[in-house]
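Source file: run.csv (CSV, C-alpha atoms)
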```
chain,number,residue,atom,x,y,z
A,1,MET,CA,-2.6,-26.3,54.0
A,2,GLU,CA,-0.3,-23.4,53.9
A,3,ASP,CA,2.6,-25.8,53.9
A,4,LYS,CA,1.1,-27.7,51.0
A,5,ASP,CA,0.6,-24.4,49.0
A,6,ASN,CA,4.2,-23.5,49.7
A,7,LEU,CA,5.3,-27.0,48.6
A,8,GLU,CA,3.2,-26.7,45.4
A,9,ARG,CA,4.9,-23.3,44.6
A,10,ARG,CA,8.4,-24.7,45.2
A,11,ILE,CA,7.6,-27.8,43.0
A,12,GLY,CA,6.5,-25.4,40.3
A,13,ARG,CA,9.7,-23.4,40.6
A,14,GLN,CA,11.7,-26.6,40.4
A,15,LEU,CA,9.8,-27.7,37.2
A,16,ASP,CA,10.3,-24.3,35.7
A,17,GLY,CA,14.0,-24.2,36.4
A,18,ALA,CA,13.5,-21.0,38.5
A,19,MET,CA,15.1,-22.2,41.7
A,20,ASP,CA,18.6,-21.3,42.9
A,21,GLU,CA,20.8,-24.0,44.5
A,22,ALA,CA,19.8,-23.3,48.0
A,23,GLU,CA,16.1,-23.5,47.2
A,24,ALA,CA,16.6,-26.7,45.3
A,25,ALA,CA,18.6,-28.3,48.1
A,26,GLY,CA,15.9,-27.4,50.6
A,27,LEU,CA,13.2,-29.0,48.4
A,28,GLN,CA,15.4,-32.1,47.9
A,29,ARG,CA,15.7,-32.5,51.7
A,30,GLU,CA,11.9,-32.2,52.1
A,31,LEU,CA,11.3,-34.7,49.4
A,32,LEU,CA,13.6,-37.2,51.1
A,33,ARG,CA,12.0,-36.7,54.4
A,34,ASP,CA,8.3,-36.7,53.4
A,35,PRO,CA,6.8,-39.4,51.2
A,36,ALA,CA,3.6,-37.4,50.7
A,37,ALA,CA,5.7,-34.5,49.3
A,38,ARG,CA,7.4,-37.0,47.0
A,39,ARG,CA,4.1,-38.3,45.7
A,40,LEU,CA,3.0,-34.7,45.2
A,41,MET,CA,6.2,-33.9,43.3
A,42,ASP,CA,5.9,-37.1,41.1
A,43,ALA,CA,2.3,-36.5,40.3
A,44,THR,CA,2.7,-32.8,39.5
A,45,ALA,CA,5.8,-33.5,37.3
A,46,ALA,CA,4.1,-36.3,35.5
A,47,ALA,CA,1.0,-34.3,34.7
A,48,ASP,CA,3.2,-31.3,33.7
A,49,ARG,CA,5.3,-33.5,31.4
A,50,LEU,CA,2.3,-35.1,29.7
A,51,ALA,CA,0.5,-31.8,29.2
A,52,GLY,CA,3.7,-30.3,27.8
A,53,ASP,CA,4.3,-33.2,25.4
A,54,ALA,CA,0.7,-33.0,24.2
A,55,LEU,CA,1.1,-29.2,23.5
A,56,ARG,CA,4.4,-29.7,21.7
A,57,ALA,CA,3.0,-32.6,19.6
A,58,ALA,CA,0.1,-30.5,18.6
A,59,PHE,CA,1.6,-27.0,18.1
A,60,ALA,CA,5.4,-27.3,17.9
A,61,PRO,CA,6.3,-30.2,15.7
A,62,GLU,CA,10.0,-30.2,14.9
A,63,ALA,CA,11.0,-28.2,11.7
A,64,SER,CA,7.6,-26.7,11.5
A,65,PHE,CA,8.4,-25.1,8.1
A,66,ALA,CA,9.9,-28.2,6.7
A,67,ASP,CA,6.8,-30.3,6.1
A,68,ALA,CA,4.6,-29.8,3.1
A,69,ARG,CA,1.8,-28.0,4.7
A,70,ASP,CA,4.0,-25.3,6.3
A,71,ALA,CA,6.1,-25.1,3.2
A,72,GLY,CA,2.9,-24.3,1.2
A,73,ALA,CA,1.8,-21.9,3.9
A,74,ARG,CA,5.2,-20.2,3.7
A,75,GLU,CA,5.0,-19.9,-0.1
A,76,ALA,CA,1.5,-18.5,0.1
A,77,TRP,CA,2.6,-16.1,2.7
A,78,GLU,CA,5.5,-14.9,0.7
A,79,ALA,CA,3.3,-14.5,-2.3
A,80,ASN,CA,0.9,-12.5,-0.2
A,81,LEU,CA,3.6,-10.3,1.1
A,82,ARG,CA,4.8,-9.4,-2.3
A,83,SER,CA,1.3,-8.7,-3.6
A,84,PRO,CA,0.2,-5.1,-3.9
A,85,ALA,CA,-1.9,-5.5,-0.7
A,86,ARG,CA,0.6,-3.6,1.3
A,87,PRO,CA,-0.7,0.0,0.9
A,88,ALA,CA,2.5,2.0,1.1
A,89,PRO,CA,4.8,1.7,-1.9
A,90,ALA,CA,8.5,2.0,-1.4
A,91,ARG,CA,9.9,5.5,-1.5
A,92,TRP,CA,12.1,4.8,-4.5
A,93,ALA,CA,9.1,3.6,-6.4
A,94,VAL,CA,7.2,6.7,-5.7
A,95,ALA,CA,10.1,8.9,-6.7
A,96,ALA,CA,10.7,6.8,-9.9
A,97,ALA,CA,7.0,7.1,-10.8
A,98,ALA,CA,7.0,10.8,-10.2
A,99,GLY,CA,10.1,11.2,-12.3
A,100,LEU,CA,8.5,9.1,-15.1
A,101,LEU,CA,5.4,11.3,-15.0
A,102,LEU,CA,7.4,14.5,-15.3
A,103,ALA,CA,9.6,13.1,-18.1
A,104,ALA,CA,6.5,11.8,-19.9
A,105,GLY,CA,4.9,15.2,-19.7
A,106,ALA,CA,8.0,16.9,-21.2
A,107,TRP,CA,8.3,14.2,-23.9
A,108,ALA,CA,4.6,14.5,-24.8
A,109,LEU,CA,4.9,18.3,-25.1
A,110,LEU,CA,7.9,18.0,-27.4
A,111,HIS,CA,6.5,15.1,-29.4
A,112,TRP,CA,3.3,17.0,-30.2
A,113,LEU,CA,5.0,20.2,-31.3
A,114,PRO,CA,4.6,20.9,-35.1
A,115,GLY,CA,7.3,19.2,-37.2
A,116,ARG,CA,8.2,16.7,-34.5
A,117,HIS,CA,6.1,13.8,-35.8
A,118,ASP,CA,8.4,12.2,-38.3
A,119,LYS,CA,11.5,11.7,-36.3
A,120,GLY,CA,11.4,7.9,-36.7
A,121,THR,CA,9.9,7.1,-33.3
A,122,ALA,CA,7.1,4.8,-33.9
A,123,GLY,CA,3.7,5.5,-32.4
A,124,ILE,CA,2.1,3.0,-30.0
A,125,GLY,CA,-0.1,1.4,-32.8
A,126,ALA,CA,3.0,0.8,-34.9
A,127,LEU,CA,4.9,-1.1,-32.3
A,128,PRO,CA,5.5,-4.7,-33.1
A,129,ALA,CA,5.3,-5.9,-29.5
A,130,PRO,CA,2.0,-6.3,-27.6
A,131,ILE,CA,1.2,-3.5,-25.2
A,132,HIS,CA,-0.9,-4.2,-22.1
A,133,ALA,CA,-2.3,-1.5,-19.9
A,134,VAL,CA,-3.3,-2.7,-16.6
A,135,ALA,CA,-5.3,-0.2,-14.6
A,136,SER,CA,-7.5,0.0,-11.6
A,137,ARG,CA,-10.5,1.0,-13.6
A,138,PRO,CA,-11.4,-0.3,-17.1
A,139,ASP,CA,-11.5,3.2,-18.5
A,140,ASP,CA,-8.1,4.1,-17.2
A,141,ALA,CA,-5.8,4.0,-20.2
A,142,LEU,CA,-2.2,4.8,-20.0
A,143,PRO,CA,-1.3,8.0,-21.7
A,144,ALA,CA,0.4,7.1,-25.0
A,145,GLY,CA,3.3,9.3,-24.1
A,146,LEU,CA,4.2,7.2,-21.1
A,147,GLU,CA,4.4,4.0,-23.1
A,148,GLN,CA,6.5,5.7,-25.8
A,149,LEU,CA,8.8,7.1,-23.1
A,150,PHE,CA,9.3,3.7,-21.8
A,151,TRP,CA,10.4,2.5,-25.2
A,152,ASP,CA,12.8,5.3,-25.5
A,153,ILE,CA,14.5,5.0,-22.1
A,154,TRP,CA,14.7,1.2,-21.8
A,155,GLU,CA,16.8,-0.3,-24.5
A,156,PRO,CA,18.3,-3.7,-23.8
A,157,PRO,CA,21.7,-4.5,-25.4
A,158,GLN,CA,21.6,-5.6,-29.0
A,159,SER,CA,18.0,-5.0,-29.6
A,160,SER,CA,15.5,-2.5,-30.8
A,161,ARG,CA,11.8,-2.7,-31.1
A,162,GLY,CA,10.9,-6.2,-32.1
A,163,ALA,CA,13.4,-6.2,-35.0
A,164,LEU,CA,15.5,-9.2,-35.8
A,165,HIS,CA,19.1,-9.1,-34.7
A,166,PRO,CA,22.0,-11.3,-35.9
A,167,ALA,CA,24.5,-13.1,-33.7
A,168,ALA,CA,23.1,-12.5,-30.4
A,169,ALA,CA,24.2,-14.5,-27.4
A,170,PRO,CA,22.0,-17.5,-26.5
A,171,SER,CA,19.4,-16.8,-23.9
A,172,ARG,CA,17.1,-18.8,-21.8
A,173,GLY,CA,14.4,-18.5,-24.4
A,174,ASP,CA,16.4,-20.1,-27.1
A,175,GLN,CA,14.8,-22.9,-29.1
A,176,PRO,CA,16.6,-26.2,-29.0
A,177,VAL,CA,19.0,-27.0,-31.8
A,178,PRO,CA,17.6,-29.8,-34.0
A,179,PRO,CA,19.1,-33.3,-33.5
A,180,GLY,CA,22.4,-33.4,-35.3
A,181,GLY,CA,22.7,-29.7,-35.2
A,182,VAL,CA,22.3,-27.1,-37.9
A,183,GLN,CA,24.7,-28.0,-40.7
A,184,GLY,CA,26.7,-25.4,-42.6
A,185,PRO,CA,26.6,-21.7,-42.2
A,186,ARG,CA,23.9,-20.5,-39.9
A,187,THR,CA,22.3,-17.3,-38.8
A,188,ARG,CA,21.3,-16.6,-35.2
A,189,ARG,CA,18.4,-14.2,-34.9
A,190,ARG,CA,17.0,-12.7,-31.7
A,191,MET,CA,13.4,-11.5,-31.5
A,192,ILE,CA,12.3,-9.4,-28.6
A,193,ASP,CA,8.7,-8.8,-27.7
A,194,ARG,CA,8.3,-6.1,-25.1
A,195,GLN,CA,5.3,-5.8,-22.9
A,196,ILE,CA,4.7,-2.8,-20.8
A,197,LEU,CA,2.5,-3.1,-17.8
A,198,GLY,CA,1.2,0.1,-16.2
A,199,VAL,CA,-0.5,0.1,-12.8
A,200,TYR,CA,-2.3,3.1,-11.5
A,201,ASP,CA,-2.0,3.6,-7.7
A,202,GLU,CA,-5.1,5.6,-6.7
A,203,GLN,CA,-3.7,6.4,-3.2
A,204,GLU,CA,-0.5,7.9,-4.6
A,205,LYS,CA,-2.0,9.2,-7.8
A,206,ALA,CA,0.9,7.6,-9.6
A,207,VAL,CA,1.4,5.3,-12.5
A,208,TYR,CA,4.0,2.5,-12.2
A,209,LEU,CA,5.4,1.1,-15.4
A,210,LEU,CA,7.0,-2.2,-15.7
A,211,GLY,CA,8.7,-3.4,-18.9
A,212,VAL,CA,9.1,-7.1,-19.7
A,213,ASP,CA,11.1,-8.3,-22.6
A,214,HIS,CA,10.4,-11.8,-24.0
A,215,VAL,CA,13.5,-12.8,-25.9
A,216,ARG,CA,13.7,-15.7,-28.4
A,217,THR,CA,16.7,-16.7,-30.4
A,218,CYS,CA,16.4,-18.8,-33.6
A,219,VAL,CA,19.3,-20.5,-35.3
A,220,ASP,CA,18.7,-21.0,-39.1
A,221,ALA,CA,20.8,-22.5,-41.9
A,222,THR,CA,21.7,-19.7,-44.3
A,223,GLU,CA,21.0,-20.0,-48.0
A,224,SER,CA,24.6,-19.4,-49.1
A,225,ASP,CA,25.1,-23.1,-50.0
A,226,LEU,CA,22.2,-23.3,-52.4
B,227,MET,CA,14.5,-22.6,30.6
B,228,PRO,CA,17.0,-21.0,28.1
B,229,SER,CA,20.0,-19.4,29.8
B,230,GLY,CA,19.7,-15.6,30.5
B,231,ASP,CA,22.3,-14.6,27.9
B,232,ALA,CA,20.9,-16.8,25.1
B,233,ALA,CA,17.4,-15.6,25.9
B,234,ASP,CA,18.5,-11.9,25.8
B,235,GLU,CA,20.3,-12.5,22.5
B,236,ALA,CA,17.2,-14.1,21.1
B,237,ALA,CA,15.1,-11.2,22.4
B,238,ALA,CA,17.5,-8.6,20.8
B,239,ALA,CA,17.4,-10.5,17.5
B,240,ASP,CA,13.6,-10.6,17.6
B,241,ARG,CA,13.5,-6.8,18.3
B,242,ARG,CA,15.7,-6.2,15.3
B,243,LEU,CA,13.3,-8.3,13.2
B,244,VAL,CA,10.4,-6.3,14.5
B,245,GLU,CA,12.0,-3.1,13.6
B,246,ALA,CA,12.7,-4.4,10.1
B,247,LEU,CA,9.0,-5.5,10.0
B,248,GLY,CA,8.1,-1.9,10.7
B,249,ARG,CA,10.1,-0.9,7.7
B,250,GLY,CA,8.1,-3.3,5.6
B,251,GLU,CA,10.7,-6.0,5.1
B,252,SER,CA,8.8,-9.2,4.3
B,253,ASP,CA,11.8,-11.4,5.1
B,254,ALA,CA,11.7,-10.2,8.6
B,255,LEU,CA,8.1,-11.3,8.9
B,256,VAL,CA,8.9,-14.8,7.6
B,257,GLU,CA,11.7,-15.1,10.1
B,258,LEU,CA,9.6,-13.8,13.0
B,259,MET,CA,6.9,-16.3,12.1
B,260,ARG,CA,9.5,-19.1,12.1
B,261,ARG,CA,10.9,-18.1,15.4
B,262,ASN,CA,7.6,-17.5,17.2
B,263,ALA,CA,5.3,-20.0,15.6
B,264,PRO,CA,5.1,-22.5,18.5
B,265,TRP,CA,4.2,-20.2,21.3
B,266,LEU,CA,1.9,-18.1,19.2
B,267,ARG,CA,0.0,-21.2,18.0
B,268,GLY,CA,-0.2,-22.2,21.7
B,269,ALA,CA,-1.5,-18.8,22.7
B,270,ILE,CA,-4.2,-19.1,20.0
B,271,PHE,CA,-5.2,-22.5,21.3
B,272,ALA,CA,-5.1,-21.3,24.9
B,273,ALA,CA,-7.5,-18.4,24.0
B,274,GLY,CA,-10.1,-21.1,23.1
B,275,VAL,CA,-9.5,-22.0,19.4
B,276,ALA,CA,-10.0,-25.6,18.4
B,277,PRO,CA,-6.7,-27.2,17.4
B,278,ASP,CA,-7.8,-27.7,13.8
B,279,ALA,CA,-8.6,-24.0,13.4
B,280,VAL,CA,-5.3,-22.7,15.0
B,281,GLU,CA,-3.4,-22.6,11.7
B,282,ASP,CA,-6.0,-20.3,10.1
B,283,VAL,CA,-6.1,-17.9,13.0
B,284,PHE,CA,-2.3,-18.0,13.2
B,285,GLN,CA,-2.1,-16.8,9.6
B,286,GLN,CA,-4.7,-14.1,10.2
B,287,VAL,CA,-2.6,-12.9,13.1
B,288,TRP,CA,0.5,-12.5,11.0
B,289,MET,CA,-1.4,-10.8,8.3
B,290,THR,CA,-2.7,-8.3,10.8
B,291,ALA,CA,0.8,-7.9,12.3
B,292,TRP,CA,2.2,-7.2,8.8
B,293,ARG,CA,-0.4,-4.6,8.2
B,294,ARG,CA,-0.2,-2.9,11.5
B,295,ALA,CA,3.5,-3.2,12.1
B,296,GLY,CA,3.9,0.5,11.5
B,297,SER,CA,1.6,1.3,14.4
B,298,LEU,CA,3.8,-0.4,17.0
B,299,ASP,CA,5.3,2.5,18.9
B,300,ASP,CA,7.6,0.6,21.2
B,301,PRO,CA,9.4,-2.3,19.5
B,302,ARG,CA,10.4,-3.6,23.0
B,303,ARG,CA,6.7,-4.4,23.6
B,304,TRP,CA,6.3,-6.3,20.4
B,305,ARG,CA,5.6,-9.6,22.1
B,306,ALA,CA,2.7,-8.3,24.2
B,307,TRP,CA,1.5,-6.5,21.1
B,308,LEU,CA,1.6,-9.8,19.1
B,309,TYR,CA,0.0,-11.7,21.9
B,310,THR,CA,-2.9,-9.2,22.0
B,311,LEU,CA,-3.4,-9.5,18.3
B,312,ALA,CA,-3.4,-13.3,18.7
B,313,ARG,CA,-5.8,-13.2,21.5
B,314,HIS,CA,-8.3,-10.9,19.8
B,315,ALA,CA,-8.2,-13.0,16.6
B,316,ALA,CA,-8.6,-16.2,18.7
B,317,ILE,CA,-11.5,-14.9,20.6
B,318,ASP,CA,-13.3,-13.8,17.4
B,319,ALA,CA,-12.6,-17.2,15.8
B,320,ALA,CA,-13.7,-19.1,18.9
B,321,ARG,CA,-16.9,-17.1,19.2
B,322,ARG,CA,-17.7,-17.9,15.6
B,323,ARG,CA,-16.9,-21.5,16.2
B,324,ARG,CA,-19.0,-21.8,19.3
B,325,ARG,CA,-21.9,-20.3,17.5
B,326,SER,CA,-21.8,-23.1,15.0
B,327,GLY,CA,-21.7,-25.6,17.8
B,328,ARG,CA,-19.1,-27.8,16.2
B,329,LEU,CA,-16.2,-27.3,18.6
B,330,ALA,CA,-16.5,-30.6,20.4
B,331,GLU,CA,-17.0,-32.7,17.3
B,332,THR,CA,-14.1,-31.0,15.5
B,333,LEU,CA,-11.9,-31.5,18.5
B,334,ARG,CA,-12.8,-35.2,18.6
B,335,ALA,CA,-12.2,-35.6,14.9
B,336,TRP,CA,-9.0,-33.8,15.0
B,337,LEU,CA,-7.6,-35.7,17.9
B,338,GLY,CA,-8.6,-38.9,16.3
B,339,THR,CA,-6.6,-38.2,13.2
B,340,ARG,CA,-3.6,-36.5,14.7
B,341,ARG,CA,-0.4,-38.1,13.5
B,342,CYS,CA,1.9,-39.6,16.2
B,343,GLU,CA,5.6,-40.3,15.7
B,344,SER,CA,6.0,-43.7,17.4
B,345,ASP,CA,6.7,-46.8,15.3
B,346,ASP,CA,5.1,-49.0,17.9
B,347,PRO,CA,1.3,-49.1,17.0
B,348,PRO,CA,0.0,-50.0,20.5
B,349,ARG,CA,2.3,-47.5,22.1
B,350,ARG,CA,1.4,-44.9,19.5
B,351,LEU,CA,-2.3,-45.4,20.1
B,352,ALA,CA,-1.8,-45.1,23.9
B,353,LEU,CA,0.3,-42.0,23.5
B,354,ALA,CA,-2.2,-40.4,21.2
B,355,GLU,CA,-5.0,-41.1,23.6
B,356,ALA,CA,-3.0,-39.7,26.5
B,357,HIS,CA,-2.3,-36.5,24.5
B,358,GLN,CA,-5.9,-36.2,23.6
B,359,ARG,CA,-6.9,-36.3,27.3
B,360,ALA,CA,-4.1,-33.9,28.2
B,361,LEU,CA,-5.2,-31.4,25.5
B,362,ARG,CA,-8.8,-31.6,26.7
B,363,ALA,CA,-7.6,-31.1,30.3
B,364,ILE,CA,-5.6,-28.0,29.2
B,365,ALA,CA,-8.6,-26.7,27.2
B,366,ALA,CA,-10.8,-27.1,30.3
B,367,LEU,CA,-8.5,-24.9,32.4
B,368,PRO,CA,-9.7,-21.3,33.1
B,369,GLU,CA,-8.1,-19.1,30.5
B,370,ILE,CA,-6.0,-17.1,33.1
B,371,TYR,CA,-4.2,-20.4,34.0
B,372,ARG,CA,-4.2,-21.8,30.5
B,373,GLN,CA,-2.3,-18.9,28.9
B,374,PRO,CA,0.8,-18.9,31.0
B,375,PHE,CA,0.9,-22.7,31.1
B,376,VAL,CA,0.9,-22.9,27.3
B,377,LEU,CA,3.5,-20.2,26.9
B,378,ARG,CA,5.7,-21.8,29.5
B,379,HIS,CA,5.7,-25.1,27.6
B,380,LEU,CA,5.7,-23.9,24.0
B,381,ALA,CA,7.9,-20.8,24.3
B,382,GLY,CA,10.1,-22.0,27.2
B,383,TRP,CA,10.1,-18.5,28.6
B,384,ASP,CA,10.9,-17.6,32.2
B,385,TYR,CA,8.3,-15.9,34.4
B,386,ARG,CA,9.6,-12.5,33.5
B,387,ARG,CA,9.1,-12.9,29.8
B,388,ILE,CA,5.7,-14.6,30.2
B,389,ALA,CA,4.8,-11.7,32.4
B,390,GLU,CA,5.9,-9.1,29.8
B,391,THR,CA,3.9,-10.9,27.2
B,392,LEU,CA,0.7,-11.2,29.3
B,393,GLU,CA,1.3,-7.8,30.9
B,394,LEU,CA,1.1,-9.2,34.4
B,395,PRO,CA,3.4,-9.1,37.4
B,396,PRO,CA,5.9,-12.1,37.4
B,397,ALA,CA,4.6,-13.3,40.8
B,398,THR,CA,1.1,-13.5,39.3
B,399,VAL,CA,2.4,-15.7,36.5
B,400,GLU,CA,4.1,-18.0,38.9
B,401,THR,CA,0.9,-18.3,41.0
B,402,ARG,CA,-1.2,-19.0,37.9
B,403,LEU,CA,1.3,-21.7,36.8
B,404,VAL,CA,1.0,-23.4,40.2
B,405,ARG,CA,-2.8,-23.4,39.9
B,406,ALA,CA,-2.7,-24.7,36.4
B,407,ARG,CA,-0.5,-27.6,37.4
B,408,LYS,CA,-2.6,-28.4,40.4
B,409,LEU,CA,-5.8,-28.5,38.3
B,410,LEU,CA,-4.0,-30.6,35.6
B,411,ARG,CA,-2.7,-33.0,38.3
B,412,GLU,CA,-6.2,-33.5,39.6
B,413,THR,CA,-7.6,-34.1,36.1
B,414,LEU,CA,-4.8,-36.2,34.8
B,415,GLY,CA,-3.8,-37.9,38.0
B,416,ASP,CA,-4.9,-41.4,37.1
B,417,GLU,CA,-3.4,-41.0,33.6
B,418,THR,CA,0.0,-40.4,34.9
B,419,ARG,CA,0.2,-43.1,37.6
```
Could you render the structure as structure tokens?
Amino acid sequence: MEDKDNLERRIGRQLDGAMDEAEAAGLQRELLRDPAARRLMDATAAADRLAGDALRAAFAPEASFADARDAGAREAWEANLRSPARPAPARWAVAAAAGLLLAAGAWALLHWLPGRHDKGTAGIGALPAPIHAVASRPDDALPAGLEQLFWDIWEPPQSSRGALHPAAAPSRGDQPVPPGGVQGPRTRRRMIDRQILGVYDEQEKAVYLLGVDHVRTCVDATESDL
Amino acid sequence: MPSGDAADEAAAADRRLVEALGRGESDALVELMRRNAPWLRGAIFAAGVAPDAVEDVFQQVWMTAWRRAGSLDDPRRWRAWLYTLARHAAIDAARRRRRSGRLAETLRAWLGTRRCESDDPPRRLALAEAHQRALRAIAALPEIYRQPFVLRHLAGWDYRRIAETLELPPATVETRLVRARKLLRETLGDETR
């Protein structure tokens, strides 16, 4: 019985590739000499192979991320990972939010000083672009100063608040040119709608601002030929 | 088994990914999932989860790993840490499943619909049935034998690496593999002749 246990162990080491050459040669000699040992080796190897194949077929199909289900799972995962579920924000984001808050405080103080109201900076209500405040509680409203600050510090090239701009380069939001093209002199106008999203992080007591510009360019025939 | 150098390189790469995971890099998580999916799915199955529920538990485990990565003190022990997360999640899932009493039916249904890659229908059917019986036989092994056996086949690790993951001495892993093979041979003996 002890011999059989020893043989079983050596067969296992052989199947696992854990034998050195001397051990393998010793096992080989025993298998040649003893038909019962050969039968044991064959039966063990066959069962091991079948079980391994069944496991691989079930749990390790080739290119596991290539088939549709796993591709979907991967996308869902990546979406999850990029959601705000992860509690700790990046350090740069915390620093940026803190900086924004400080600057907003300074701006608000200056803005509300007497004689500072008519400098041409439009108030929130006068802005042509829609403003969205997303907050963790319904009664959380972004301070007006923050949104205004965002307008002031984030100016994309060739634009200002929702105004029309001539001769801007085409963008991905361009409308298609009509069939046959626009004949004669034409004017290109770019319209920018800016949305500001604010997210309040209760843990960090910080507000994160995100500005999104929706840019649309229109090409119109001018009236110079009329 | 993979050669020692290749295995060590893979382990070092995994460790770097784990460290990146600790820093909150989501790409590291996706890559770790890709590299470790087979053995982790197997470990979940070996902990008693029905095959059709493995994927759900697998995703839960990675979600937990993502959330708790910062609490991993020693990145060298990440595999054992991940295995422990998987085992706990698997045990919870299996317990819920057993309570509902649907494990056997689900296993039968899943095995009946499992896709098989052969183009030869009779052979495909025979192979699928053989795999069904083999999976049942593996599922019937005591867990202490089932875990190293599944890791050996799905991860291809040597005794030392399986031992690190299961936090056992390598000699114990070897003994348990011998017992697992013996039990499988007795169960599947007619099948393989």
*Residues of chain A no more than 7 Å from chain B, counting all atoms listed in the file: send them over as a VMD selection string.*
chain A and resid 8 to 9 12 16 to 17 43 to 44 46 to 48 50 to 52 54 to 56 59 to 60 81
_Please compute the CA of Met19 (chain A)-CA of Arg305 (chain B) distance, one decimal, in Å._
25.2 Å
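Closest to Leu367 (chain B) among B:Val399, B:Ala272, B:Ala237, B:Leu392 is B:Ala272, based on only C-alpha atoms.
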*Near-Arg10 (chain A) list (9 Å; only C-alpha atoms; drop same-chain fewer than 2 positions) as an NGL selection string*: :A and (5-8 or 12-15 or 19 or 23-24 or 27)
*How many Å lie between CA of Glu393 (chain B) and CA of Lys4 (chain A), rounded to one decimal?*
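Those two atoms sit 28.3 Å apart.
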*In terms of the shortest atom-to-atom distance over all atoms listed in the file, which of B:Arg322, B:Arg313, B:Arg241, B:Arg303 is closest to Glu390 (chain B)?*
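Of all the options, B:Arg303 lies closest to Glu390 (chain B).
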Axis-aligned box for all listed atoms of region 388-397 of chain B, 5 Å per side, centre and edges in Å to one decimal, as JSON:
```
{"center_x": 3.3, "center_y": -11.2, "center_z": 34.0, "size_x": 15.2, "size_y": 16.8, "size_z": 23.6}
```
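Between CA of Leu311 (chain B) and CA of Ala365 (chain B) lies a distance of 20.1 Å.
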*Write out as a list in words which residues come within 10 Å of Pro395 (chain B) when counting all atoms listed in the file, dropping same-chain ones fewer than 6 positions away.*
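The contact residues come out as Tyr385, Arg386, Ile388 and Ala389 of chain B.
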